[in-house]
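Heads up, my_file-v2.tsv below (TSV, C-alpha atoms):
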chain	number	residue	atom	x	y	z
G	174	MET	CA	156.29	-121.87	263.51
G	175	ALA	CA	156.76	-118.69	265.56
G	176	GLU	CA	160.10	-118.09	263.83
G	177	ALA	CA	158.46	-118.39	260.37
G	178	VAL	CA	155.71	-115.92	261.35
G	179	ALA	CA	158.35	-113.46	262.56
G	180	ARG	CA	160.25	-113.71	259.28
G	181	ARG	CA	157.04	-113.07	257.32
G	182	THR	CA	156.24	-110.06	259.51
G	183	ILE	CA	159.71	-108.56	259.00
G	184	LEU	CA	159.42	-109.04	255.19
G	185	ALA	CA	155.98	-107.39	255.10
G	186	LEU	CA	157.25	-104.40	257.07
G	187	ALA	CA	160.25	-104.03	254.74
G	188	LEU	CA	158.02	-104.05	251.64
G	189	ALA	CA	155.69	-101.52	253.23
G	190	GLY	CA	158.67	-99.27	253.94
G	191	LEU	CA	159.81	-99.44	250.31
G	192	THR	CA	156.34	-98.56	249.05
G	193	ALA	CA	155.97	-95.63	251.44
G	194	GLY	CA	159.37	-94.01	251.08
G	195	GLY	CA	161.75	-96.12	249.02
G	196	LEU	CA	162.54	-96.66	245.35
G	197	PRO	CA	159.03	-97.29	243.95
G	198	SER	CA	157.69	-94.09	245.52
G	199	SER	CA	160.64	-92.02	244.20
G	200	GLY	CA	160.16	-93.47	240.74
G	201	LEU	CA	156.50	-92.47	240.68
G	202	ALA	CA	157.39	-88.95	241.80
G	203	ALA	CA	159.98	-88.61	239.04
G	204	THR	CA	157.44	-89.76	236.46
G	205	ALA	CA	154.91	-87.22	237.70
G	206	ASP	CA	157.49	-84.42	237.60
G	207	SER	CA	158.53	-85.26	234.05
G	208	ALA	CA	154.89	-85.36	232.93
G	209	THR	CA	154.39	-81.75	234.01
G	210	ALA	CA	157.70	-80.37	232.70
G	211	PRO	CA	157.30	-77.90	229.81
G	212	VAL	CA	158.20	-79.07	226.31
G	213	THR	CA	161.21	-77.23	224.87
G	214	VAL	CA	160.54	-75.43	221.58
G	215	LYS	CA	163.61	-74.14	219.76
G	216	VAL	CA	163.05	-70.90	217.88
G	217	GLY	CA	165.28	-69.86	215.00
G	218	GLY	CA	166.56	-66.31	214.81
G	219	TYR	CA	168.89	-64.61	212.32
G	220	GLU	CA	170.13	-61.03	212.45
G	221	PHE	CA	167.11	-58.95	211.45
G	222	PRO	CA	167.07	-55.74	213.47
G	223	PRO	CA	165.08	-54.84	215.46
G	224	TYR	CA	163.59	-58.35	215.58
G	225	VAL	CA	166.91	-60.07	216.18
G	226	THR	CA	169.91	-57.86	216.90
G	227	GLU	CA	173.59	-58.66	216.40
G	228	SER	CA	173.84	-59.72	220.05
G	229	GLY	CA	170.82	-62.03	219.77
G	230	GLY	CA	168.41	-59.79	221.65
G	231	GLY	CA	165.60	-57.74	220.17
G	232	VAL	CA	161.87	-58.12	219.67
G	233	THR	CA	162.01	-61.89	219.09
G	234	GLN	CA	163.63	-62.55	222.46
G	235	ALA	CA	161.11	-60.22	224.12
G	236	LEU	CA	158.27	-62.18	222.51
G	237	LEU	CA	159.74	-65.49	223.71
G	238	ASP	CA	160.09	-64.07	227.23
G	239	LEU	CA	156.41	-63.11	227.10
G	240	LEU	CA	155.36	-66.56	225.87
G	241	ASN	CA	157.39	-68.24	228.61
G	242	ALA	CA	155.88	-66.01	231.28
G	243	GLU	CA	152.28	-66.46	230.10
G	244	GLN	CA	152.06	-70.26	230.00
G	245	SER	CA	153.77	-73.41	231.26
G	246	ASP	CA	153.13	-75.97	228.52
G	247	PHE	CA	156.17	-74.97	226.45
G	248	ARG	CA	159.58	-73.42	227.05
G	249	PHE	CA	160.74	-71.32	224.08
G	250	GLU	CA	164.49	-70.97	223.49
G	251	LEU	CA	166.24	-68.89	220.80
G	252	VAL	CA	168.64	-70.67	218.43
G	253	ARG	CA	170.84	-68.56	216.16
G	254	THR	CA	170.89	-69.19	212.42
G	255	SER	CA	171.59	-67.09	209.31
G	256	PRO	CA	169.26	-65.72	206.62
G	257	GLN	CA	170.67	-68.12	204.05
G	258	ARG	CA	170.82	-71.22	206.32
G	259	ARG	CA	167.46	-70.88	208.04
G	260	TYR	CA	165.52	-73.12	205.65
G	261	GLU	CA	167.80	-76.13	205.96
G	262	ASP	CA	168.16	-75.64	209.73
G	263	MET	CA	164.38	-75.73	210.11
G	264	GLU	CA	163.95	-78.80	207.90
G	265	ARG	CA	166.72	-80.67	209.75
G	266	GLY	CA	165.00	-79.99	213.06
G	267	ARG	CA	167.70	-77.69	214.44
G	268	PHE	CA	164.80	-75.48	215.46
G	269	ASP	CA	161.02	-75.91	215.47
G	270	MET	CA	159.66	-72.43	214.89
G	271	ILE	CA	160.66	-69.02	213.55
G	272	ALA	CA	158.92	-65.72	214.25
G	273	PHE	CA	158.55	-62.49	212.22
G	274	GLU	CA	158.64	-64.43	208.95
G	275	SER	CA	156.62	-64.70	205.74
G	276	LEU	CA	155.96	-67.65	203.47
G	277	ALA	CA	156.89	-65.32	200.58
G	278	TRP	CA	160.49	-65.20	201.84
G	279	GLY	CA	161.52	-68.51	200.35
G	280	TRP	CA	159.33	-70.83	202.45
G	281	LYS	CA	156.68	-71.83	199.91
G	282	GLY	CA	156.73	-75.57	199.24
G	283	ARG	CA	158.67	-76.32	202.41
G	284	PRO	CA	157.29	-78.41	205.31
G	285	VAL	CA	156.12	-75.47	207.43
G	286	GLU	CA	152.81	-73.92	208.44
G	287	ALA	CA	152.14	-70.21	209.01
G	288	SER	CA	150.20	-68.52	211.78
G	289	ARG	CA	147.87	-65.63	211.18
G	290	VAL	CA	149.47	-62.24	210.54
G	291	PHE	CA	150.13	-60.66	213.94
G	292	LEU	CA	152.25	-57.59	213.11
G	293	ARG	CA	152.91	-55.38	210.09
G	294	ASP	CA	156.07	-53.45	209.29
G	295	ALA	CA	157.69	-52.25	206.05
G	296	GLU	CA	160.89	-51.70	204.13
G	297	VAL	CA	161.80	-48.20	203.01
G	298	PHE	CA	164.58	-46.58	201.00
G	299	VAL	CA	167.08	-44.11	202.42
G	300	ALA	CA	169.07	-41.54	200.42
G	301	LYS	CA	171.51	-38.79	201.32
G	302	ALA	CA	169.69	-35.52	201.98
G	303	GLY	CA	170.76	-32.45	200.04
G	304	PRO	CA	169.63	-29.47	197.98
G	305	GLY	CA	166.88	-30.35	195.53
G	306	MET	CA	166.35	-33.80	197.02
G	307	ASP	CA	162.69	-34.78	197.46
G	308	GLN	CA	160.44	-37.81	197.20
G	309	SER	CA	160.68	-37.86	193.40
G	310	TYR	CA	164.23	-39.18	193.85
G	311	PHE	CA	162.72	-42.56	194.76
G	312	ASP	CA	160.54	-42.81	191.65
G	313	ARG	CA	163.21	-44.67	189.69
G	314	LEU	CA	165.53	-47.33	191.06
G	315	ASP	CA	167.15	-48.69	187.92
G	316	ASP	CA	169.67	-45.84	187.69
G	317	LYS	CA	170.83	-46.04	191.31
G	318	THR	CA	173.14	-48.21	193.40
G	319	ILE	CA	171.23	-49.90	196.24
G	320	LEU	CA	172.67	-51.39	199.42
G	321	GLY	CA	170.75	-54.37	200.80
G	322	ARG	CA	171.18	-57.18	203.31
G	323	LEU	CA	172.50	-60.61	202.31
G	324	GLY	CA	169.78	-63.26	202.48
G	325	TYR	CA	166.82	-60.85	202.38
G	326	HIS	CA	164.04	-60.92	199.77
G	327	TYR	CA	163.19	-57.65	198.01
G	328	ALA	CA	159.96	-56.82	196.19
G	329	PHE	CA	161.66	-54.47	193.72
G	330	ALA	CA	163.63	-57.53	192.52
G	331	GLY	CA	160.66	-59.91	192.35
G	332	MET	CA	161.30	-61.27	195.87
G	333	THR	CA	164.60	-62.85	194.91
G	334	ALA	CA	167.42	-63.13	197.43
G	335	ASP	CA	169.96	-64.40	194.89
G	336	PRO	CA	173.10	-62.22	195.30
G	337	GLU	CA	174.17	-62.64	191.68
G	338	VAL	CA	170.75	-61.64	190.32
G	339	LEU	CA	170.49	-58.69	192.68
G	340	GLU	CA	173.93	-57.38	191.75
G	341	LYS	CA	173.81	-57.93	187.99
G	342	ARG	CA	170.18	-57.06	187.25
G	343	PHE	CA	169.28	-54.62	190.00
G	344	ASN	CA	172.59	-52.92	190.84
G	345	THR	CA	172.22	-54.03	194.44
G	346	ARG	CA	175.23	-54.68	196.66
G	347	LEU	CA	174.61	-56.95	199.63
G	348	THR	CA	176.20	-56.54	203.05
G	349	VAL	CA	175.56	-57.92	206.54
G	350	THR	CA	174.55	-54.72	208.35
G	351	HIS	CA	171.64	-52.30	208.12
G	352	GLU	CA	173.50	-49.68	210.12
G	353	GLY	CA	176.57	-49.83	207.89
G	354	ASN	CA	174.37	-49.42	204.83
G	355	VAL	CA	172.67	-46.33	206.23
G	356	ARG	CA	175.97	-44.76	207.19
G	357	SER	CA	177.42	-45.55	203.76
G	358	VAL	CA	174.54	-43.70	202.08
G	359	ALA	CA	174.97	-40.72	204.41
G	360	ALA	CA	178.66	-40.65	203.45
G	361	GLY	CA	177.81	-40.68	199.74
G	362	ARG	CA	179.21	-44.16	199.02
G	363	ALA	CA	175.90	-45.42	197.54
G	364	ALA	CA	172.72	-43.82	196.26
G	365	LEU	CA	170.22	-45.82	198.31
G	366	ALA	CA	169.90	-48.27	201.18
G	367	ILE	CA	166.84	-50.39	201.79
G	368	VAL	CA	166.08	-51.01	205.46
G	369	THR	CA	163.34	-52.12	207.82
G	370	ARG	CA	161.26	-49.12	208.87
G	371	SER	CA	161.19	-50.08	212.56
G	372	PHE	CA	164.98	-50.51	212.53
G	373	LEU	CA	165.40	-47.04	211.01
G	374	ALA	CA	163.13	-45.47	213.64
G	375	GLN	CA	165.23	-47.00	216.43
G	376	PHE	CA	168.50	-46.09	214.70
G	377	LEU	CA	167.51	-42.42	214.30
G	378	LYS	CA	166.28	-42.25	217.88
G	379	ALA	CA	169.68	-43.51	219.06
G	380	ASN	CA	171.57	-41.34	216.54
G	381	PRO	CA	169.59	-38.08	216.18
G	382	ASP	CA	172.58	-36.41	214.50
G	383	MET	CA	172.02	-38.68	211.48
G	384	ALA	CA	168.44	-37.58	210.80
G	385	PRO	CA	169.31	-34.31	208.96
G	386	LEU	CA	171.70	-36.25	206.70
G	387	LEU	CA	169.06	-38.65	205.38
G	388	LEU	CA	166.00	-38.55	203.17
G	389	VAL	CA	163.59	-41.41	203.92
G	390	SER	CA	161.17	-42.58	201.24
G	391	ASP	CA	157.43	-42.47	201.62
G	392	ARG	CA	157.53	-45.31	199.12
G	393	THR	CA	157.74	-48.79	200.62
G	394	ASP	CA	159.36	-51.72	198.89
G	395	GLN	CA	157.13	-54.21	200.69
G	396	ILE	CA	154.78	-54.34	203.63
G	397	TYR	CA	155.86	-57.02	206.08
G	398	GLU	CA	152.98	-59.24	207.16
G	399	HIS	CA	154.71	-60.99	210.01
G	400	THR	CA	153.68	-64.54	210.86
G	401	ILE	CA	155.13	-67.36	212.95
G	402	LEU	CA	156.20	-70.43	210.99
G	403	VAL	CA	156.26	-73.84	212.66
G	404	ARG	CA	157.82	-77.05	211.41
G	405	ARG	CA	155.28	-79.69	210.52
G	406	ASP	CA	155.19	-82.50	213.07
G	407	GLY	CA	157.14	-80.29	215.49
G	408	PRO	CA	156.35	-79.96	219.20
G	409	VAL	CA	153.98	-76.99	218.85
G	410	GLY	CA	151.13	-76.58	216.36
G	411	ILE	CA	149.64	-73.63	214.51
G	412	ALA	CA	146.32	-73.88	216.37
G	413	TRP	CA	148.13	-73.39	219.69
G	414	ILE	CA	150.16	-70.48	218.27
G	415	ASN	CA	147.10	-68.71	216.85
G	416	GLY	CA	145.11	-69.21	220.03
G	417	THR	CA	147.94	-67.83	222.15
G	418	LEU	CA	148.42	-64.80	219.87
G	419	ASP	CA	144.69	-64.09	220.08
G	420	ARG	CA	144.73	-64.30	223.87
G	421	LEU	CA	147.78	-62.04	224.20
G	422	GLU	CA	146.24	-59.56	221.78
G	423	ARG	CA	142.98	-59.40	223.74
G	424	SER	CA	144.76	-59.04	227.07
G	425	GLY	CA	146.85	-56.12	225.79
G	426	ALA	CA	150.12	-57.99	226.36
G	427	LEU	CA	151.17	-57.90	222.69
G	428	PRO	CA	150.41	-54.18	222.16
G	429	ALA	CA	152.33	-53.45	225.36
G	430	LEU	CA	155.31	-55.47	224.09
G	431	TRP	CA	155.37	-53.52	220.79
G	432	ALA	CA	155.26	-50.25	222.72
G	433	ARG	CA	158.15	-51.29	225.00
G	434	GLN	CA	160.21	-52.30	221.96
G	435	GLY	CA	159.53	-49.06	220.08
G	436	ILE	CA	157.52	-50.82	217.35
G	437	SER	CA	154.67	-48.88	215.68
G	438	PRO	CA	152.40	-51.48	214.06

Would you mind giving the structure from this file in structure tokens?
Amino acid sequence: MAEAVARRTILALALAGLTAGGLPSSGLAATADSATAPVTVKVGGYEFPPYVTESGGGVTQALLDLLNAEQSDFRFELVRTSPQRRYEDMERGRFDMIAFESLAWGWKGRPVEASRVFLRDAEVFVAKAGPGMDQSYFDRLDDKTILGRLGYHYAFAGMTADPEVLEKRFNTRLTVTHEGNVRSVAAGRAALAIVTRSFLAQFLKANPDMAPLLLVSDRTDQIYEHTILVRRDGPVGIAWINGTLDRLERSGALPALWARQGISP
């Protein structure tokens, strides 16, 4: 009898030890840790200076850094794509969200939802400066060669991004670089380039010797009304995005980010 009691006592102590510091306790801790881990949200980004630069930096990465610093529910990570491939990549779930976008840029009818407009920018035309050149030069486009960016949608062409339509109907040659287009115009190799206004401001600040060579249009091709698009049924919803944008706007964090990035809303 005494031996049986001893065996039961040893078994009870062993079970108590497991509960206090063994496998069951570790398993509960792991579950608790995973419950509080942030959800990863993949954010698409294609070259769109200054929002996404050739190296993958730019305003988009700065915005993601701000979002990651301001909350702990989600962890936002940049995923590279291309202007032409971004729609299929989003629908296949390669990324969950894309910033500095517009539904008018080929997204209508696709399974995405748009946030409120949180930043405005514009596209402008650039010509080579010279004697007699003034703003009237931009009144007509149909008699001029235009350099644009492959995969972008242009208002002067009815928001099409089709390279064949742009080249045949609108005399627009498409490349993969804003900077190259601006330099080509300055060198006289094309009549016009169409570029993002905030990109041009940063480019001329970094290359002040180019400013006297260029005439920049007061005319805009389109006003960007930047939104954030999220994939339906993805890990983050539009209500969360809009609420976070509102909070960062009120706190001054978003205006401070634009100022640091050289963006003039």

Q: Counting all atoms listed in the file, figure out which residue out of G:Arg259, G:His326, G:Arg265, G:Lys215 gets nearest to Trp278 (chain G).
A: G:His326

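With distances restricted to all atoms listed in the file, G:Leu320 is the closest residue to Thr348 (chain G) from G:Ala429, G:Leu320, G:Val368, G:Met383.
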
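Atom pair CA of Trp413 (chain G) / CA of Gly217 (chain G): separated by 18.1 Å.
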
Q: Quote the spacing between CA of Trp431 (chain G) and CA of Leu236 (chain G) in Å to one decimal place.
A: 9.3 Å

Q | CA of Gly229 (chain G) to CA of Arg267 (chain G), straight-line distance in Å | A | 16.8 Å

Q. Which residues, protein or nucleic acid, reach to within 12 Å of (170.4, -39.4, 207.6) in the file's coordinates when using all atoms listed in the file, and can you give that as a PyMOL selection string?
A. chain G and resi 298-303+352+354-361+365-366+373-374+376-378+380-390

**Q.** Nearest to Phe249 (chain G), chosen from G:Gly266, G:Gly331, G:Pro408, G:Pro428, with all atoms listed in the file counted in the distances
**A.** G:Pro408

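Each of G:Glu340, G:Asp238, G:Asp419, G:Glu220 was checked against Phe372 (chain G) using only C-alpha atoms; the smallest atom-to-atom distance is that of G:Glu220.
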
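Of the residues listed (G:Lys317, G:Tyr327, G:Arg322, G:Arg248), G:Lys317 shows the shortest atom-to-atom separation from Ala363 (chain G); distances use only C-alpha atoms.
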
Q | Close residues, region 288-290 of chain G itself excluded, 10 Å, all atoms listed in the file, min 5 positions apart in chain, as a ChimeraX atom specification | A | /G:272-275,397-403,410-416,418-419

Return as AutoDock Vina command-line options the box centre and box size in Å, one decimal, for an axis-aligned box around all listed atoms of region 291-300 of chain G padded by 8 Å per side.
--center_x 159.6 --center_y -51.1 --center_z 207.2 --size_x 34.9 --size_y 35.1 --size_z 29.5

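Comparing the minimum interatomic distances between Leu237 (chain G) and each of G:Thr254, G:Thr213, G:Ser309, G:Gln395, counting all atoms listed in the file, we find that G:Thr213 sits nearest.
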